[in-house]
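Chemist: I'd like to ask some things about the structure below.
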Amino acid sequence: MAQRSYSTAAIEVHWDSDRCIHTGWCSKNLLSVFNPEQHPWIQLDQGELDAIVAVVEGCPSGALTYTRLDGGPQEVHSEPATIVPWPNGPYHVRGSFLVEDRHGEVFDTGPRATLCRCGQSNRHPFCDLSHREAKFHSYPRVAEPQEPAES
Ligand code: SF4
Ligand code: FES
């Protein structure tokens, strides 16, 4: 859909609408900068640089990324990558690896991504929230067998 960039002298923030899963994390944590009610919805001059970096790095889907223009550190990709299944939702990935589909198309997951595990996404391999409509239900890990009670 849309890929946009917003910049100041110190930082460029990139937003990929196809990757956004609308968690609201960004606006909950820094509404002055990330506010869907304002236009443009990202206004970098309304927040401190460190706070903007922290919020972008917390965006679970990787819809938000940044490039520091002031010589400050760029985001470090987690090593090794971690994959956490969210209850009734996607796999949350931190770190870089490549996903290749059956047609040879390659997707880079870094530095963060939410990967579909319900099978219903229209934006494979990424989650697009279709799991909600599909009422995807993930099963908890199988419980350890219980020791028989002593009699
Ligand atoms: S934190 Fe990331 S995934 Fe969540 S609403 Fe903001 S841009 Fe979208
Ligand atoms: S897990 Fe979200 S669309 Fe499949």
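Residue numbering restarts at 1 in every chain; chains get A, B, ... in the order shown in the structure tokens, and ligands count up from 1 in that same order.
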If we count only C-alpha atoms and set the cut-off at 10 Å, which residues sit around A:Thr67, ignoring sequence neighbours fewer than 2 positions away in its own chain? Please answer as a list in words.
Modeler: Ser7, Ala10, Ile11, Glu12, Val13, His14, Val53, Thr65, Leu69, Asp70, Gly71, Gly72, Pro73, Gln74 and Glu75 of chain A
Chemist: Within 6 Å of ligand 1, counting only C-alpha atoms and all ligand atoms: which residues, as a PDB file with N, CA and C atoms, in the first residue's frame?
Modeler:
```pdb
ATOM      1  N   CYS A  20       2.305  -2.952   8.972  1.00  0.00           N
ATOM      2  CA  CYS A  20       1.675  -2.485  10.215  1.00  0.00           C
ATOM      3  C   CYS A  20       0.518  -3.405  10.592  1.00  0.00           C
ATOM      4  N   ILE A  21       0.518  -3.869  11.843  1.00  0.00           N
ATOM      5  CA  ILE A  21      -0.606  -4.696  12.318  1.00  0.00           C
ATOM      6  C   ILE A  21      -1.423  -3.939  13.370  1.00  0.00           C
ATOM      7  N   HIS A  22      -1.260  -2.630  13.401  1.00  0.00           N
ATOM      8  CA  HIS A  22      -2.139  -1.755  14.178  1.00  0.00           C
ATOM      9  C   HIS A  22      -2.232  -2.145  15.653  1.00  0.00           C
ATOM     10  N   THR A  23      -1.075  -2.387  16.230  1.00  0.00           N
ATOM     11  CA  THR A  23      -1.048  -2.680  17.666  1.00  0.00           C
ATOM     12  C   THR A  23      -1.325  -1.437  18.494  1.00  0.00           C
ATOM     13  N   GLY A  24      -1.051  -0.266  17.920  1.00  0.00           N
ATOM     14  CA  GLY A  24      -1.201   0.971  18.675  1.00  0.00           C
ATOM     15  C   GLY A  24      -0.031   1.259  19.606  1.00  0.00           C
ATOM     16  N   TRP A  25       0.971   0.409  19.589  1.00  0.00           N
ATOM     17  CA  TRP A  25       2.133   0.588  20.463  1.00  0.00           C
ATOM     18  C   TRP A  25       2.748   1.976  20.298  1.00  0.00           C
ATOM     19  N   CYS A  26       2.948   2.398  19.058  1.00  0.00           N
ATOM     20  CA  CYS A  26       3.649   3.657  18.797  1.00  0.00           C
ATOM     21  C   CYS A  26       2.861   4.838  19.351  1.00  0.00           C
ATOM     22  N   CYS A  59       8.323  -1.320  17.811  1.00  0.00           N
ATOM     23  CA  CYS A  59       7.266  -1.682  16.847  1.00  0.00           C
ATOM     24  C   CYS A  59       7.433  -3.152  16.474  1.00  0.00           C
ATOM     25  N   PRO A  60       6.493  -3.992  16.863  1.00  0.00           N
ATOM     26  CA  PRO A  60       6.717  -5.430  16.722  1.00  0.00           C
ATOM     27  C   PRO A  60       6.764  -5.918  15.283  1.00  0.00           C
ATOM     28  N   SER A  61       6.036  -5.269  14.400  1.00  0.00           N
ATOM     29  CA  SER A  61       5.895  -5.798  13.039  1.00  0.00           C
ATOM     30  C   SER A  61       7.034  -5.396  12.110  1.00  0.00           C
ATOM     31  N   ALA A  63       7.058  -2.488  10.827  1.00  0.00           N
ATOM     32  CA  ALA A  63       6.508  -1.438   9.956  1.00  0.00           C
ATOM     33  C   ALA A  63       7.299  -0.148  10.116  1.00  0.00           C
ATOM     34  N   LEU A  64       7.775   0.089  11.349  1.00  0.00           N
ATOM     35  CA  LEU A  64       8.603   1.263  11.613  1.00  0.00           C
ATOM     36  C   LEU A  64      10.066   0.849  11.688  1.00  0.00           C
TER      37      LEU A  64
END
```
Chemist: Would you list, as a ChimeraX atom specification, the residues of stretch 9-115 of chain A that end up in helix (DSSP H, G or I) under DSSP run on this structure's backbone?
Modeler: /A:25-29,44-46,49-58
Chemist: Just the selected residues (N, CA and C atoms), exported as a PDB file, in the first residue's frame, please.
Modeler:
```pdb
ATOM      1  N   TRP A  25       0.971   0.409  19.589  1.00  0.00           N
ATOM      2  CA  TRP A  25       2.133   0.588  20.463  1.00  0.00           C
ATOM      3  C   TRP A  25       2.748   1.976  20.298  1.00  0.00           C
ATOM      4  N   CYS A  26       2.948   2.398  19.058  1.00  0.00           N
ATOM      5  CA  CYS A  26       3.649   3.657  18.797  1.00  0.00           C
ATOM      6  C   CYS A  26       2.861   4.838  19.351  1.00  0.00           C
ATOM      7  N   SER A  27       1.566   4.891  19.083  1.00  0.00           N
ATOM      8  CA  SER A  27       0.801   6.046  19.558  1.00  0.00           C
ATOM      9  C   SER A  27       0.570   5.982  21.060  1.00  0.00           C
ATOM     10  N   LYS A  28       0.463   4.770  21.616  1.00  0.00           N
ATOM     11  CA  LYS A  28       0.292   4.673  23.072  1.00  0.00           C
ATOM     12  C   LYS A  28       1.516   5.209  23.791  1.00  0.00           C
ATOM     13  N   ASN A  29       2.683   5.014  23.215  1.00  0.00           N
ATOM     14  CA  ASN A  29       3.922   5.367  23.896  1.00  0.00           C
ATOM     15  C   ASN A  29       4.480   6.738  23.525  1.00  0.00           C
ATOM     16  N   LEU A  44       8.091  14.078  13.609  1.00  0.00           N
ATOM     17  CA  LEU A  44       9.300  13.816  14.389  1.00  0.00           C
ATOM     18  C   LEU A  44       9.752  15.008  15.226  1.00  0.00           C
ATOM     19  N   ASP A  45       9.351  16.199  14.840  1.00  0.00           N
ATOM     20  CA  ASP A  45       9.784  17.365  15.611  1.00  0.00           C
ATOM     21  C   ASP A  45       8.996  17.523  16.906  1.00  0.00           C
ATOM     22  N   GLN A  46       8.065  16.605  17.156  1.00  0.00           N
ATOM     23  CA  GLN A  46       7.239  16.683  18.369  1.00  0.00           C
ATOM     24  C   GLN A  46       7.724  15.750  19.476  1.00  0.00           C
ATOM     25  N   LEU A  49      14.621  12.633  20.433  1.00  0.00           N
ATOM     26  CA  LEU A  49      15.212  11.620  19.559  1.00  0.00           C
ATOM     27  C   LEU A  49      15.275  10.244  20.227  1.00  0.00           C
ATOM     28  N   ASP A  50      15.738  10.194  21.476  1.00  0.00           N
ATOM     29  CA  ASP A  50      15.873   8.889  22.158  1.00  0.00           C
ATOM     30  C   ASP A  50      14.511   8.209  22.298  1.00  0.00           C
ATOM     31  N   ALA A  51      13.490   8.998  22.564  1.00  0.00           N
ATOM     32  CA  ALA A  51      12.146   8.422  22.714  1.00  0.00           C
ATOM     33  C   ALA A  51      11.639   7.889  21.379  1.00  0.00           C
ATOM     34  N   ILE A  52      11.910   8.606  20.316  1.00  0.00           N
ATOM     35  CA  ILE A  52      11.492   8.147  18.979  1.00  0.00           C
ATOM     36  C   ILE A  52      12.188   6.825  18.636  1.00  0.00           C
ATOM     37  N   VAL A  53      13.488   6.756  18.900  1.00  0.00           N
ATOM     38  CA  VAL A  53      14.245   5.530  18.616  1.00  0.00           C
ATOM     39  C   VAL A  53      13.667   4.364  19.415  1.00  0.00           C
ATOM     40  N   ALA A  54      13.372   4.604  20.702  1.00  0.00           N
ATOM     41  CA  ALA A  54      12.860   3.526  21.554  1.00  0.00           C
ATOM     42  C   ALA A  54      11.511   3.025  21.043  1.00  0.00           C
ATOM     43  N   VAL A  55      10.659   3.930  20.622  1.00  0.00           N
ATOM     44  CA  VAL A  55       9.339   3.510  20.135  1.00  0.00           C
ATOM     45  C   VAL A  55       9.466   2.756  18.816  1.00  0.00           C
ATOM     46  N   VAL A  56      10.300   3.255  17.918  1.00  0.00           N
ATOM     47  CA  VAL A  56      10.463   2.555  16.633  1.00  0.00           C
ATOM     48  C   VAL A  56      10.997   1.138  16.878  1.00  0.00           C
ATOM     49  N   GLU A  57      11.977   1.008  17.763  1.00  0.00           N
ATOM     50  CA  GLU A  57      12.538  -0.321  18.025  1.00  0.00           C
ATOM     51  C   GLU A  57      11.534  -1.234  18.725  1.00  0.00           C
ATOM     52  N   GLY A  58      10.499  -0.646  19.304  1.00  0.00           N
ATOM     53  CA  GLY A  58       9.467  -1.462  19.944  1.00  0.00           C
ATOM     54  C   GLY A  58       8.345  -1.866  19.011  1.00  0.00           C
TER      55      GLY A  58
END
```
Chemist: Could you please write out, as a list in words, every residue of stretch 42-150 of chain A that DSSP assigns to strand (DSSP E)?
Modeler: Leu64, Thr65, Tyr66, Thr67, Arg68, Thr82, Ile83, Val84, Pro85, Tyr91, His92, Val93, Arg94, Leu98, Val99, Glu100, Val106, Phe107, Asp108, Arg112, Ala113, Thr114 and Leu115 of chain A
Chemist: Counting only C-alpha atoms and all ligand atoms, which residue out of A:Ser32, A:Asp108, A:Ile42, A:Arg19 sits closest to ligand 2?
Modeler: A:Arg19
Chemist: Find the spatial neighbours of A:His124, counting only C-alpha atoms, within a cut-off of 10 Å - ignore same-chain residues fewer than 6 positions away - and output them as a list in words.
Modeler: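 Skipping anything fewer than 6 positions along the chain leaves Asp101, Phe107, Leu115, Cys116 and Arg117 of chain A.
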Chemist: So the first atom is atom CA of A:Leu98 and the second is atom CA of A:Gly62; what is the distance between them in Å, to one decimal place?
Modeler: 14.2 Å
Chemist: Can you tell me how far atom CA of A:Asp128 sits from atom 1 (S, counted along the ligand's line) of ligand 2, in Å to one decimal?
Modeler: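 Between these atoms lies a distance of 7.2 Å.
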Chemist: To check your reading of the model: which residues sit at most 12 Å from ligand 2 when counting only C-alpha atoms and all ligand atoms? Write the answer as a VMD selection string.
Modeler: chain A and resid 18 to 23 61 85 to 92 113 to 138
Chemist: Using only C-alpha atoms, which of the listed residues (A:Pro140, A:Gly110, A:Met1, A:Leu31) sits closest to A:Ser17?
Modeler: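 Counting only C-alpha atoms, the residue closest to A:Ser17 is A:Met1.
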Chemist: Between atom CA of A:Asp16 and atom CA of A:Pro80, what distance in Å does the model show, to one decimal?
Modeler: 24.3 Å
Chemist: Which residue gives the smallest distance to A:Pro40 among A:Tyr6, A:Tyr66, A:Gly95, A:Arg112, with only C-alpha atoms counted?
Modeler: A:Tyr6
